[in-house]
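Engineer: Starting off with a structure, shown below.
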Amino acid sequence: MQTNEIIQQYYQAFNQRDRQKILALLSPRIAHDINQGERQEGVEAFNKFLDKMDSAYLEHLTDMVIMVDSSGQRAAAEFTVNGTYLKTDEGLPPARGQKYVIPAGAFFELDKTSGKITRVSTYYNLPQWIEMVK
């Protein structure tokens, strides 16, 4: 499978809230750089992150553009996050069902042998998001 197809499947699974499919696309050694946060490693940590996200946010990604380098080992995606803030996330404003639309992006590394994603680094403007939901 080509890198762009793997990334497309990852985001299709995200939009469908298909956690098992997301996790199946990840290397057991996945490195996950959380926006303006720490790096977490491993599928178990990624699954816990998804637990938190699924309880606090309902998001659907649109306007997806995927770019892949010539080696097929690195990729980037740009997209729009259309979301609803469902449950207060620690350190953030109180949730009251606020809607938000914000541009975001992610960088990926893949293991070409296994076809698994080995790194996901996600970025968006957190201060802008906070202004939207205050």
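As shown in the structure tokens, the chain order sets the letters A, B, ...; within each chain, residues go from 1, and ligands are also counted from 1 in the order they appear.
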Extract, using only C-alpha atoms, all DNA, RNA and protein residues at most 9 Å from Ala106 in chain A, discarding same-chain residues fewer than 4 positions from it, and format them as a PDB file with N, CA and C atoms, in the first residue's frame.
Structural biologist:
```pdb
ATOM      1  N   ALA A  75       5.488  11.976   5.486  1.00  0.00           N
ATOM      2  CA  ALA A  75       4.306  12.584   4.881  1.00  0.00           C
ATOM      3  C   ALA A  75       3.810  13.699   5.786  1.00  0.00           C
ATOM      4  N   ALA A  76       3.007  14.550   5.209  1.00  0.00           N
ATOM      5  CA  ALA A  76       2.350  15.615   5.956  1.00  0.00           C
ATOM      6  C   ALA A  76       0.900  15.685   5.497  1.00  0.00           C
ATOM      7  N   ALA A  77       0.041  16.101   6.395  1.00  0.00           N
ATOM      8  CA  ALA A  77      -1.365  16.282   6.062  1.00  0.00           C
ATOM      9  C   ALA A  77      -1.811  17.634   6.602  1.00  0.00           C
ATOM     10  N   GLU A  78      -2.589  18.330   5.794  1.00  0.00           N
ATOM     11  CA  GLU A  78      -3.197  19.594   6.213  1.00  0.00           C
ATOM     12  C   GLU A  78      -4.700  19.397   6.110  1.00  0.00           C
ATOM     13  N   PHE A  79      -5.435  19.924   7.110  1.00  0.00           N
ATOM     14  CA  PHE A  79      -6.870  19.680   7.144  1.00  0.00           C
ATOM     15  C   PHE A  79      -7.555  20.710   8.035  1.00  0.00           C
ATOM     16  N   VAL A 120       3.476  10.242  14.583  1.00  0.00           N
ATOM     17  CA  VAL A 120       2.437  11.220  14.264  1.00  0.00           C
ATOM     18  C   VAL A 120       2.708  12.442  15.122  1.00  0.00           C
ATOM     19  N   SER A 121       2.893  13.599  14.491  1.00  0.00           N
ATOM     20  CA  SER A 121       3.091  14.873  15.196  1.00  0.00           C
ATOM     21  C   SER A 121       2.002  15.821  14.714  1.00  0.00           C
ATOM     22  N   THR A 122       1.108  16.204  15.612  1.00  0.00           N
ATOM     23  CA  THR A 122      -0.044  17.016  15.237  1.00  0.00           C
ATOM     24  C   THR A 122       0.132  18.447  15.742  1.00  0.00           C
ATOM     25  N   TYR A 123      -0.285  19.419  14.903  1.00  0.00           N
ATOM     26  CA  TYR A 123      -0.132  20.838  15.241  1.00  0.00           C
ATOM     27  C   TYR A 123      -1.379  21.631  14.873  1.00  0.00           C
ATOM     28  N   TYR A 124      -1.774  22.506  15.784  1.00  0.00           N
ATOM     29  CA  TYR A 124      -2.800  23.517  15.538  1.00  0.00           C
ATOM     30  C   TYR A 124      -2.536  24.660  16.501  1.00  0.00           C
TER      31      TYR A 124
END
```
Engineer: Quick one: residues within 9 Å of Ala31 in chain A, only C-alpha atoms, excluding same-chain residues fewer than 5 positions away - as an MDAnalysis selection string?
Structural biologist: chainID A and resid 39:43 46 117:121
Engineer: Given the selection you just returned, output its residues as a file containing all heavy atoms, formatted as a CSV table (one decimal), in the first residue's frame.
Structural biologist:
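Contents of the output file result26.csv:
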```csv
chain,number,residue,atom,x,y,z
A,39,ARG,N,5.8,14.0,24.1
A,39,ARG,CA,5.9,12.9,23.2
A,39,ARG,C,5.5,11.7,24.0
A,39,ARG,O,6.0,11.4,25.1
A,39,ARG,CB,7.2,12.7,22.6
A,39,ARG,CG,7.3,11.4,21.8
A,39,ARG,CD,8.6,11.2,21.1
A,39,ARG,NE,8.5,11.9,19.8
A,39,ARG,CZ,9.3,11.7,18.8
A,39,ARG,NH1,10.3,10.9,18.9
A,39,ARG,NH2,9.1,12.4,17.6
A,40,GLN,N,4.5,10.9,23.5
A,40,GLN,CA,4.1,9.6,24.1
A,40,GLN,C,4.5,8.5,23.1
A,40,GLN,O,4.5,8.7,21.9
A,40,GLN,CB,2.6,9.6,24.3
A,40,GLN,CG,2.2,10.6,25.3
A,40,GLN,CD,0.7,10.5,25.6
A,40,GLN,OE1,-0.1,9.9,24.9
A,40,GLN,NE2,0.2,11.2,26.7
A,41,GLU,N,4.9,7.4,23.7
A,41,GLU,CA,5.4,6.3,22.8
A,41,GLU,C,4.6,5.0,23.1
A,41,GLU,O,4.2,4.7,24.3
A,41,GLU,CB,6.8,6.0,23.1
A,41,GLU,CG,7.7,7.2,22.6
A,41,GLU,CD,9.2,7.0,22.7
A,41,GLU,OE1,9.6,6.0,23.1
A,41,GLU,OE2,9.9,7.9,22.2
A,42,GLY,N,4.3,4.3,22.1
A,42,GLY,CA,3.6,3.0,22.2
A,42,GLY,C,2.1,3.1,21.9
A,42,GLY,O,1.5,4.1,22.0
A,43,VAL,N,1.6,1.9,21.4
A,43,VAL,CA,0.2,1.8,21.1
A,43,VAL,C,-0.7,2.0,22.3
A,43,VAL,O,-1.8,2.7,22.2
A,43,VAL,CB,-0.1,0.5,20.3
A,43,VAL,CG1,-1.6,0.3,20.1
A,43,VAL,CG2,0.6,0.5,19.0
A,46,PHE,N,-1.1,5.6,22.9
A,46,PHE,CA,-1.9,6.2,21.9
A,46,PHE,C,-3.4,5.9,22.1
A,46,PHE,O,-4.3,6.8,22.0
A,46,PHE,CB,-1.5,5.7,20.5
A,46,PHE,CG,-1.9,6.6,19.4
A,46,PHE,CD1,-1.0,7.5,18.8
A,46,PHE,CD2,-3.2,6.5,18.8
A,46,PHE,CE1,-1.4,8.4,17.8
A,46,PHE,CE2,-3.6,7.3,17.8
A,46,PHE,CZ,-2.7,8.2,17.2
A,117,ILE,N,2.7,3.2,10.6
A,117,ILE,CA,3.0,4.6,11.0
A,117,ILE,C,3.9,4.5,12.2
A,117,ILE,O,3.5,3.9,13.2
A,117,ILE,CB,1.7,5.4,11.2
A,117,ILE,CG1,0.9,5.5,9.9
A,117,ILE,CG2,2.1,6.8,11.7
A,117,ILE,CD1,-0.5,6.0,10.1
A,118,THR,N,5.0,5.1,12.2
A,118,THR,CA,5.9,5.1,13.3
A,118,THR,C,6.0,6.4,14.1
A,118,THR,O,6.5,6.5,15.2
A,118,THR,CB,7.4,4.8,12.9
A,118,THR,OG1,7.8,5.7,12.0
A,118,THR,CG2,7.5,3.4,12.3
A,119,ARG,N,5.4,7.5,13.5
A,119,ARG,CA,5.4,8.8,14.2
A,119,ARG,C,4.2,9.6,13.7
A,119,ARG,O,4.0,9.7,12.5
A,119,ARG,CB,6.6,9.6,14.0
A,119,ARG,CG,6.5,11.0,14.7
A,119,ARG,CD,7.8,11.8,14.5
A,119,ARG,NE,8.2,12.1,13.1
A,119,ARG,CZ,7.8,13.3,12.5
A,119,ARG,NH1,7.1,14.2,13.1
A,119,ARG,NH2,8.2,13.4,11.3
A,120,VAL,N,3.5,10.2,14.6
A,120,VAL,CA,2.4,11.2,14.3
A,120,VAL,C,2.7,12.4,15.1
A,120,VAL,O,2.8,12.3,16.3
A,120,VAL,CB,1.0,10.7,14.6
A,120,VAL,CG1,0.0,11.8,14.2
A,120,VAL,CG2,0.7,9.4,13.8
A,121,SER,N,2.9,13.6,14.5
A,121,SER,CA,3.1,14.9,15.2
A,121,SER,C,2.0,15.8,14.7
A,121,SER,O,2.0,16.2,13.5
A,121,SER,CB,4.5,15.5,14.9
A,121,SER,OG,5.5,14.6,15.3
```
Engineer: At what distance in Å, to one decimal, does CA of Asn15 in chain A lie from CA of Arg29 in chain A?
Structural biologist: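 Taking CA of Arg29 in chain A as the start and CA of Asn15 in chain A as the end point, the length is 23.4 Å.
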Engineer: Rounded to one decimal place, report the CA of Asp63 in chain A-CA of Tyr10 in chain A distance in Å.
Structural biologist: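 Going from CA of Asp63 in chain A over to CA of Tyr10 in chain A covers 14.9 Å.
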Engineer: Between CA of Pro94 in chain A and CA of His32 in chain A, what distance in Å does the model show, to one decimal?
Structural biologist: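 Atom-to-atom, CA of Pro94 in chain A to CA of His32 in chain A, that is 25.7 Å.
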Engineer: Tell me which protein, DNA and RNA residues are within 9 Å of Gln73 in chain A, counting only C-alpha atoms, leaving out same-chain ones fewer than 6 positions away, and put them as a list of chain:residue names.
Structural biologist: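 Answer for this query is A:Thr3, A:Phe108, A:Glu109, A:Leu110, A:Asp111, A:Lys112.
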Engineer: How would the residues just picked look written out with N, CA, C and O atoms as a tab-separated table (two decimals), in the first residue's frame?
Structural biologist:
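Result file part_17.tsv:
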```tsv
chain	number	residue	atom	x	y	z
A	3	THR	N	2.04	5.18	0.72
A	3	THR	CA	2.01	6.04	1.91
A	3	THR	C	0.75	6.90	1.95
A	3	THR	O	0.08	6.99	2.98
A	108	PHE	N	4.06	12.74	9.56
A	108	PHE	CA	4.11	11.29	9.74
A	108	PHE	C	5.45	10.73	9.31
A	108	PHE	O	6.07	11.25	8.36
A	109	GLU	N	5.86	9.66	9.96
A	109	GLU	CA	6.94	8.80	9.48
A	109	GLU	C	6.36	7.41	9.40
A	109	GLU	O	5.55	7.01	10.23
A	110	LEU	N	6.81	6.67	8.37
A	110	LEU	CA	6.35	5.30	8.19
A	110	LEU	C	7.52	4.35	8.04
A	110	LEU	O	8.57	4.73	7.51
A	111	ASP	N	7.32	3.14	8.49
A	111	ASP	CA	8.27	2.06	8.27
A	111	ASP	C	7.87	1.42	6.94
A	111	ASP	O	6.82	0.80	6.84
A	112	LYS	N	8.70	1.59	5.94
A	112	LYS	CA	8.37	1.10	4.60
A	112	LYS	C	8.28	-0.43	4.55
A	112	LYS	O	7.56	-0.98	3.73
```
Engineer: With only C-alpha atoms as the basis for distance, which of A:Leu86, A:Leu92, A:Val81, A:Ile102 is at the shortest distance from Tyr11 in chain A?
Structural biologist: A:Val81
